[in-house]
Amino acid sequence: MPQPHDALDDLLDLLDLEQIEQDIFRGESRPSIVPRVFGGQVAAQALLAAGRTVPEDRLAHSLHAYFLRAGDPGAPIVYTVDRIRDGRSFTTRRVVAVQHGQPIFHLSASFQAYEEGLDHQGDMPAAPDPDTLPTAAEMLPRHLPKEVADRLAESRSAVDLRYADTPPWGSVGEPREPRSQVWFRTNGKLADDHLLHVCLATYVSDMTLLDSVLLAHGRGGWAVGDVVGASLDHAMWFHRPFRADEWLLYDQESPSSSAGRGLGQARIWTRDGKLAISVIQEGVVRVPHG
């Protein structure tokens with residue numbers, strides 16, 4: 001298994017897209033715990049491609065995305081950026097990710113020049129101090145077979161992920177409140193680049209958001225194999241400045257699951273109590289038959 005800092009370097013290399021033509025970029029993939037490209041990777045790469053076509057003084061403030069097809073981790077992904085609008089305050093981009101001649105992912109992203117405005121937020125929820133919690137890598141061997149635990153730990157080794165409570169794969173058969181809290185930060189310092197930090201937060205946001213759906217039904221998830229699923233759509237709003245290399249609290253819940261789909265919604269807070277990001281995602285969540 002790569003060391004945490006080496007894993008972060010590998011992830012940063014993954015996000016360093018090759019520009020092959022104006023507004024066209026190519027990204028590589030890496031293996032996931034499932035036989036397809038990790039959704040957070042595609043979303044982060046697409047957002048980075050969009051951001052590469054936007055003036056530096058315009059910061060990402062939202063994204064809306066659809067996962068159309070399972071990505072092939074053995075093939076590169078081509079990202080084509082469409083410059084929808086360049087206004088006085090806002091810039092809009094549309095990105096289509098293509099593999100083997102077919103679109104696998106579609107993203108719309110909006111960027112804004114900084115301006116002063118009305119400012120309010122709710123209260124940050126209570127959560128244990130991240131320094132008192134075990135890392136996900138320390139928790140995994142307690143609940144999963146070694147091979148599965150090693151694969152999951154390796155896929156997340158660029159990020160220090162700490163569950164505030166027992167994750168779904170540690171409480172199989174025990175339905176409970178559909179809410180989950182996870183602290184996260186990258187395993188290493190990052191450059192002072194706003195786009196890089198929002199892309200890394202986007203990458204991590206797809207790791208655990210549907211856990212709250214699983215908790216409601218006592219299911220362990222993809223690592224256990226008692227459900228199958230995939231992300232369908234994903235939306236994020238970036239409210240206030242944050243750093244992905246400093247502790248962020250991912251407070252997640254599921255208000256509904258039905259018709260083979262589960263909805264997760266979340267807020268991401270800085271350690272000092274600022275609401276940084278709001279996230280909503282729906283995914284396929286099916287119980288395998290036979």
# chains A, B, ... in the order shown; residues from 1 in each chain; ligands from 1
call {"tool": "closest_atom_pairs", "arguments": {"of": "region 51-152 of chain A", "to": "region 265-271 of chain A", "cutoff": "10 Å", "atoms": "only C-alpha atoms", "output": "Markdown table"}}
result
| residue | atom | partner | partner_atom | distance |
| --- | --- | --- | --- | --- |
| A:Asp123 | CA | A:Trp269 | CA | 9.9 |
| A:Met124 | CA | A:Trp269 | CA | 7.0 |
| A:Pro125 | CA | A:Trp269 | CA | 9.0 |
| A:Asp129 | CA | A:Arg271 | CA | 9.1 |
| A:Pro130 | CA | A:Arg271 | CA | 9.3 |
call {"tool": "write_last_selection", "arguments": {"atoms": "C-alpha atoms", "output": "PDB file, in the first residue's frame"}}
result
ATOM      1  CA  ASP A 123     -25.034  26.450  13.698  1.00  0.00           C
ATOM      2  CA  MET A 124     -22.448  23.741  13.170  1.00  0.00           C
ATOM      3  CA  PRO A 125     -23.661  20.408  14.612  1.00  0.00           C
ATOM      4  CA  ASP A 129     -12.786  16.164  17.944  1.00  0.00           C
ATOM      5  CA  PRO A 130     -11.172  14.483  14.903  1.00  0.00           C
TER       6      PRO A 130
END
call {"tool": "residues_around", "arguments": {"residues": "region 279-286 of chain A", "least_positions_apart": "5", "cutoff": "10 Å", "atoms": "only C-alpha atoms", "output": "PyMOL selection string"}}
result
chain A and resi 62-67+202+205-206+209-210+213-214+221-222+226-238+250-254+256-268
call {"tool": "residues_around", "arguments": {"residues": "Arg26 (chain A)", "least_positions_apart": "4", "cutoff": "7 Å", "atoms": "only C-alpha atoms", "output": "number ranges by chain"}}
result
A: 17-20, 76-79
call {"tool": "write_last_selection", "arguments": {"atoms": "N, CA, C and O atoms", "output": "mmCIF file, in the first residue's frame"}}
result
data_model
loop_
_atom_site.group_PDB
_atom_site.id
_atom_site.type_symbol
_atom_site.label_atom_id
_atom_site.label_comp_id
_atom_site.auth_asym_id
_atom_site.auth_seq_id
_atom_site.Cartn_x
_atom_site.Cartn_y
_atom_site.Cartn_z
ATOM 1 N N LEU A 17 -4.633 17.393 -15.417
ATOM 2 C CA LEU A 17 -5.095 16.989 -16.739
ATOM 3 C C LEU A 17 -4.162 17.473 -17.847
ATOM 4 O O LEU A 17 -3.535 18.533 -17.740
ATOM 5 N N GLU A 18 -4.080 16.689 -18.895
ATOM 6 C CA GLU A 18 -3.321 17.071 -20.086
ATOM 7 C C GLU A 18 -4.233 17.848 -21.027
ATOM 8 O O GLU A 18 -5.327 17.382 -21.368
ATOM 9 N N GLN A 19 -3.807 19.029 -21.439
ATOM 10 C CA GLN A 19 -4.586 19.796 -22.415
ATOM 11 C C GLN A 19 -4.169 19.344 -23.806
ATOM 12 O O GLN A 19 -3.014 19.476 -24.216
ATOM 13 N N ILE A 20 -5.119 18.806 -24.573
ATOM 14 C CA ILE A 20 -4.799 18.270 -25.897
ATOM 15 C C ILE A 20 -5.287 19.182 -27.019
ATOM 16 O O ILE A 20 -4.923 18.984 -28.187
ATOM 17 N N PRO A 76 -8.252 6.255 -20.830
ATOM 18 C CA PRO A 76 -8.288 7.684 -20.504
ATOM 19 C C PRO A 76 -9.689 8.257 -20.713
ATOM 20 O O PRO A 76 -10.522 7.660 -21.399
ATOM 21 N N ILE A 77 -9.924 9.413 -20.100
ATOM 22 C CA ILE A 77 -11.199 10.119 -20.235
ATOM 23 C C ILE A 77 -10.920 11.465 -20.886
ATOM 24 O O ILE A 77 -10.018 12.190 -20.466
ATOM 25 N N VAL A 78 -11.684 11.801 -21.912
ATOM 26 C CA VAL A 78 -11.544 13.082 -22.596
ATOM 27 C C VAL A 78 -12.653 14.015 -22.113
ATOM 28 O O VAL A 78 -13.837 13.658 -22.127
ATOM 29 N N TYR A 79 -12.249 15.222 -21.681
ATOM 30 C CA TYR A 79 -13.180 16.219 -21.166
ATOM 31 C C TYR A 79 -13.254 17.388 -22.142
ATOM 32 O O TYR A 79 -12.241 18.054 -22.412
#
call {"tool": "residues_around", "arguments": {"residues": "region 178-187 of chain A", "least_positions_apart": "6", "cutoff": "9 Å", "atoms": "only C-alpha atoms", "output": "ChimeraX atom specification"}}
result
/A:4-5,7-8,127,129-130,157-167,200-201,204,208-209,211-217,243-255
call {"tool": "write_last_selection", "arguments": {"atoms": "C-alpha atoms", "output": "CSV table (one decimal), in the first residue's frame"}}
result
chain,number,residue,atom,x,y,z
A,4,PRO,CA,-0.2,8.6,2.6
A,5,HIS,CA,2.0,11.4,1.2
A,7,ALA,CA,-0.9,8.5,-2.4
A,8,LEU,CA,-1.7,12.3,-2.3
A,127,ALA,CA,-19.2,16.4,16.6
A,129,ASP,CA,-12.8,16.2,17.9
A,130,PRO,CA,-11.2,14.5,14.9
A,157,SER,CA,-5.1,6.5,1.2
A,158,ALA,CA,-4.7,10.1,-0.1
A,159,VAL,CA,-7.3,11.2,2.5
A,160,ASP,CA,-7.4,11.1,6.3
A,161,LEU,CA,-11.0,10.0,6.8
A,162,ARG,CA,-12.3,9.6,10.4
A,163,TYR,CA,-15.8,8.4,11.2
A,164,ALA,CA,-17.5,9.9,14.2
A,165,ASP,CA,-19.5,6.7,14.7
A,166,THR,CA,-19.5,3.2,13.4
A,167,PRO,CA,-19.7,3.2,9.6
A,200,LEU,CA,-10.3,17.7,-3.8
A,201,ALA,CA,-13.4,18.4,-1.7
A,204,VAL,CA,-14.0,13.2,-1.3
A,208,THR,CA,-19.4,8.5,2.0
A,209,LEU,CA,-22.6,10.5,1.2
A,211,ASP,CA,-23.7,5.8,3.8
A,212,SER,CA,-26.6,7.4,5.5
A,213,VAL,CA,-29.0,5.6,3.2
A,214,LEU,CA,-27.4,2.3,4.2
A,215,LEU,CA,-27.5,3.0,7.9
A,216,ALA,CA,-31.3,3.4,7.8
A,217,HIS,CA,-31.6,-0.3,6.6
A,243,ARG,CA,-8.8,24.3,2.7
A,244,ALA,CA,-9.1,20.6,1.8
A,245,ASP,CA,-5.8,20.0,3.7
A,246,GLU,CA,-7.4,21.1,7.0
A,247,TRP,CA,-10.1,19.3,8.9
A,248,LEU,CA,-13.6,19.4,7.4
A,249,LEU,CA,-16.7,17.9,9.0
A,250,TYR,CA,-19.0,16.1,6.5
A,251,ASP,CA,-22.4,16.0,8.2
A,252,GLN,CA,-24.6,13.7,6.1
A,253,GLU,CA,-28.2,12.4,6.3
A,254,SER,CA,-30.7,10.6,4.1
A,255,PRO,CA,-34.2,12.0,4.0
call {"tool": "select_by_dssp", "arguments": {"residues": "region 123-177 of chain A", "states": "strand (DSSP E)", "output": "ChimeraX atom specification"}}
result
/A:159-163
call {"tool": "closest_residue", "arguments": {"among": "A:Lys189, A:His143, A:Arg93, A:Arg30", "to": "Gly74 (chain A)", "atoms": "only C-alpha atoms"}}
result
A:Arg30
call {"tool": "atom_distance", "arguments": {"atom1": "CA of Val224 (chain A)", "atom2": "CA of Ala137 (chain A)"}}
result
16.0 Å
call {"tool": "closest_residue", "arguments": {"among": "A:Leu152, A:Val81, A:Met207, A:Leu275", "to": "Gln121 (chain A)", "atoms": "only C-alpha atoms"}}
result
A:Leu275
call {"tool": "residues_around", "arguments": {"residues": "Gly87 (chain A)", "least_positions_apart": "2", "cutoff": "12 Å", "atoms": "only C-alpha atoms", "output": "PDB file with N, CA, C and O atoms, in the first residue's frame"}}
result
ATOM      1  N   VAL A  54     -11.443  29.336 -17.066  1.00  0.00           N
ATOM      2  CA  VAL A  54     -12.078  30.464 -16.386  1.00  0.00           C
ATOM      3  C   VAL A  54     -11.001  31.395 -15.831  1.00  0.00           C
ATOM      4  O   VAL A  54      -9.956  30.929 -15.368  1.00  0.00           O
ATOM      5  N   PRO A  55     -11.204  32.724 -15.866  1.00  0.00           N
ATOM      6  CA  PRO A  55     -10.228  33.634 -15.259  1.00  0.00           C
ATOM      7  C   PRO A  55      -9.960  33.293 -13.796  1.00  0.00           C
ATOM      8  O   PRO A  55     -10.857  32.838 -13.083  1.00  0.00           O
ATOM      9  N   ARG A  58     -12.210  34.253 -10.773  1.00  0.00           N
ATOM     10  CA  ARG A  58     -13.568  33.697 -10.664  1.00  0.00           C
ATOM     11  C   ARG A  58     -13.484  32.343  -9.969  1.00  0.00           C
ATOM     12  O   ARG A  58     -12.817  31.425 -10.449  1.00  0.00           O
ATOM     13  N   ARG A  83     -17.957  26.721 -23.405  1.00  0.00           N
ATOM     14  CA  ARG A  83     -18.007  28.021 -22.721  1.00  0.00           C
ATOM     15  C   ARG A  83     -19.404  28.623 -22.888  1.00  0.00           C
ATOM     16  O   ARG A  83     -19.651  29.427 -23.792  1.00  0.00           O
ATOM     17  N   ILE A  84     -20.293  28.284 -21.966  1.00  0.00           N
ATOM     18  CA  ILE A  84     -21.695  28.675 -22.087  1.00  0.00           C
ATOM     19  C   ILE A  84     -21.884  30.182 -21.947  1.00  0.00           C
ATOM     20  O   ILE A  84     -22.585  30.812 -22.725  1.00  0.00           O
ATOM     21  N   ARG A  85     -21.243  30.778 -20.936  1.00  0.00           N
ATOM     22  CA  ARG A  85     -21.459  32.212 -20.700  1.00  0.00           C
ATOM     23  C   ARG A  85     -20.296  32.800 -19.915  1.00  0.00           C
ATOM     24  O   ARG A  85     -19.789  32.185 -18.982  1.00  0.00           O
ATOM     25  N   SER A  89     -20.265  39.071 -13.656  1.00  0.00           N
ATOM     26  CA  SER A  89     -19.980  38.487 -12.344  1.00  0.00           C
ATOM     27  C   SER A  89     -19.851  36.974 -12.380  1.00  0.00           C
ATOM     28  O   SER A  89     -19.126  36.400 -11.577  1.00  0.00           O
ATOM     29  N   PHE A  90     -20.576  36.321 -13.287  1.00  0.00           N
ATOM     30  CA  PHE A  90     -20.653  34.867 -13.296  1.00  0.00           C
ATOM     31  C   PHE A  90     -20.172  34.292 -14.624  1.00  0.00           C
ATOM     32  O   PHE A  90     -20.395  34.877 -15.692  1.00  0.00           O
ATOM     33  N   THR A  91     -19.537  33.141 -14.518  1.00  0.00           N
ATOM     34  CA  THR A  91     -19.064  32.394 -15.679  1.00  0.00           C
ATOM     35  C   THR A  91     -19.634  30.987 -15.594  1.00  0.00           C
ATOM     36  O   THR A  91     -19.575  30.350 -14.534  1.00  0.00           O
ATOM     37  N   THR A  92     -20.170  30.485 -16.703  1.00  0.00           N
ATOM     38  CA  THR A  92     -20.784  29.161 -16.720  1.00  0.00           C
ATOM     39  C   THR A  92     -20.081  28.272 -17.739  1.00  0.00           C
ATOM     40  O   THR A  92     -19.795  28.714 -18.859  1.00  0.00           O
ATOM     41  N   ARG A  93     -19.813  27.038 -17.316  1.00  0.00           N
ATOM     42  CA  ARG A  93     -19.180  26.064 -18.202  1.00  0.00           C
ATOM     43  C   ARG A  93     -19.957  24.747 -18.173  1.00  0.00           C
ATOM     44  O   ARG A  93     -20.520  24.365 -17.143  1.00  0.00           O
ATOM     45  N   SER A 110     -20.562  26.695 -12.265  1.00  0.00           N
ATOM     46  CA  SER A 110     -20.654  28.141 -12.291  1.00  0.00           C
ATOM     47  C   SER A 110     -19.554  28.734 -11.420  1.00  0.00           C
ATOM     48  O   SER A 110     -19.236  28.194 -10.359  1.00  0.00           O
ATOM     49  N   PHE A 111     -18.991  29.834 -11.880  1.00  0.00           N
ATOM     50  CA  PHE A 111     -17.900  30.515 -11.190  1.00  0.00           C
ATOM     51  C   PHE A 111     -18.294  31.983 -11.010  1.00  0.00           C
ATOM     52  O   PHE A 111     -19.007  32.554 -11.836  1.00  0.00           O
ATOM     53  N   GLN A 112     -17.808  32.596  -9.937  1.00  0.00           N
ATOM     54  CA  GLN A 112     -18.202  33.965  -9.623  1.00  0.00           C
ATOM     55  C   GLN A 112     -16.994  34.793  -9.205  1.00  0.00           C
ATOM     56  O   GLN A 112     -16.133  34.316  -8.455  1.00  0.00           O
ATOM     57  N   ALA A 113     -16.959  36.040  -9.657  1.00  0.00           N
ATOM     58  CA  ALA A 113     -15.974  36.982  -9.143  1.00  0.00           C
ATOM     59  C   ALA A 113     -16.363  37.351  -7.717  1.00  0.00           C
ATOM     60  O   ALA A 113     -17.545  37.508  -7.399  1.00  0.00           O
TER      61      ALA A 113
END
